[in-house]
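Data block below; observations after.
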Amino acid sequence: MDDKETLRVGVAVRRLRRSLGLTLAVVAERSGLSVPFLSQVENERARPSARSLQRVADALNTTVGELYDAADCTRTVDVVRAEPEGDGHGVRPLLRGHHQLHAMEFTGEQDTGREFQHRNDELMYVADGAAEVEAEGRAYRLERGDTLCLSGGVRHRWRAALPGTRILVVAVADHIEAIEETRH
């Protein structure tokens, strides 16, 4: 394992800790490591020894191997090349791995005929062609270059309105808990 892979494990530690609803203080208490050190690990400013990483894994009820597996998807740069032939269905994922967002490209005459309702926000961008969207009982026609943003919980359905339509859909991943801002 090289230094870059060791450092990337910090992002995996932070994601798992947050998904478990644990504070740094709780993980510090469980692992016997200090809060400042754990913060440095999570922010990739410190490299934990094998023993320290084992203690962190134990505190998070996981294994070092699982932390390294989760670190694999914390790449800062990952290029996903376009498939020349596509998948035959006109649907292509734009990301690999486990991320804070979900992104798909839809090409051609897409029309599932069903309604969707997602927990988190979603953005639809028409790269080519046109789309018809129905959201909360209202109809919208989107042309090339138009963007539609749907808040989490909005019921919607859509279809490509022209042959050769290409739509990019980006959504906050389901495993991310949406946080409402409160104004004071």
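By order of appearance in the structure tokens: chains A, B, ..., then residues from 1 within every chain, and ligands from 1 in the order shown.
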Long-range neighbours of range 47-62 of chain A as a PyMOL selection string, 12 Å cut-off, only C-alpha atoms, 4 positions minimum in chain: chain A and resi 1-35+37-43+66-70
Proximity check range 26-107 of chain A to range 112-124 of chain A, 10 Å, nearest pairs one decimal Å, only C-alpha atoms, as a tab-separated table:
residue	atom	partner	partner_atom	distance
A:Leu101	CA	A:Glu122	CA	9.3
A:His102	CA	A:Glu122	CA	9.0
A:Ala103	CA	A:Leu123	CA	9.3
A:Met104	CA	A:Met124	CA	9.7
A:Glu105	CA	A:Met124	CA	9.8
Within 8 Å of Val126 in chain A using only C-alpha atoms, minus same-chain residues under 3 positions, as a VMD selection string: chain A and resid 129 to 131 142 to 147 165 to 168
Could you take the residues named above and write them with C-alpha atoms, as a tab-separated table (two decimals), in the first residue's frame?
chain	number	residue	atom	x	y	z
A	129	GLY	CA	-32.98	17.60	-27.82
A	130	ALA	CA	-35.89	18.28	-25.52
A	131	ALA	CA	-37.71	16.73	-22.57
A	142	LEU	CA	-37.10	21.68	-21.40
A	143	GLU	CA	-35.02	22.50	-24.46
A	144	ARG	CA	-31.30	22.08	-25.11
A	145	GLY	CA	-29.32	23.82	-22.35
A	146	ASP	CA	-32.25	24.03	-19.90
A	147	THR	CA	-31.89	22.83	-16.32
A	165	THR	CA	-32.33	13.66	-26.84
A	166	ARG	CA	-29.52	13.47	-24.29
A	167	ILE	CA	-30.27	14.25	-20.64
A	168	LEU	CA	-27.92	14.33	-17.67
Counting only C-alpha atoms, the residue of A:Val170, A:Val64, A:Ala46, A:Ala71 that sits nearest Leu95 in chain A: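 Counting only C-alpha atoms, the residue closest to Leu95 in chain A is A:Val170.
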DSSP-assigned helix (DSSP H, G or I) members of chain A, reported as number ranges by chain: A: 3-19, 24-31, 35-42, 50-59, 64-72
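The spacing separating CA of Glu109 in chain A from CA of Tyr140 in chain A amounts to 17.2 Å.
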Counting only C-alpha atoms, the option among A:Ala139, A:Val79, A:Val169, A:Leu148 closest to Thr107 in chain A: A:Val169
CA of Arg141 in chain A to CA of Arg155 in chain A, straight-line distance in Å: 16.4 Å
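Interatomic distance, CA of Val133 in chain A to CA of Arg159 in chain A: 6.6 Å.
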Backbone DSSP call of strand (DSSP E or B) for range 7-164 of chain A, listed as a PyMOL selection string: chain A and resi 91-93+101-107+111+116+122-128+130-135+138-143+147-150+156-160
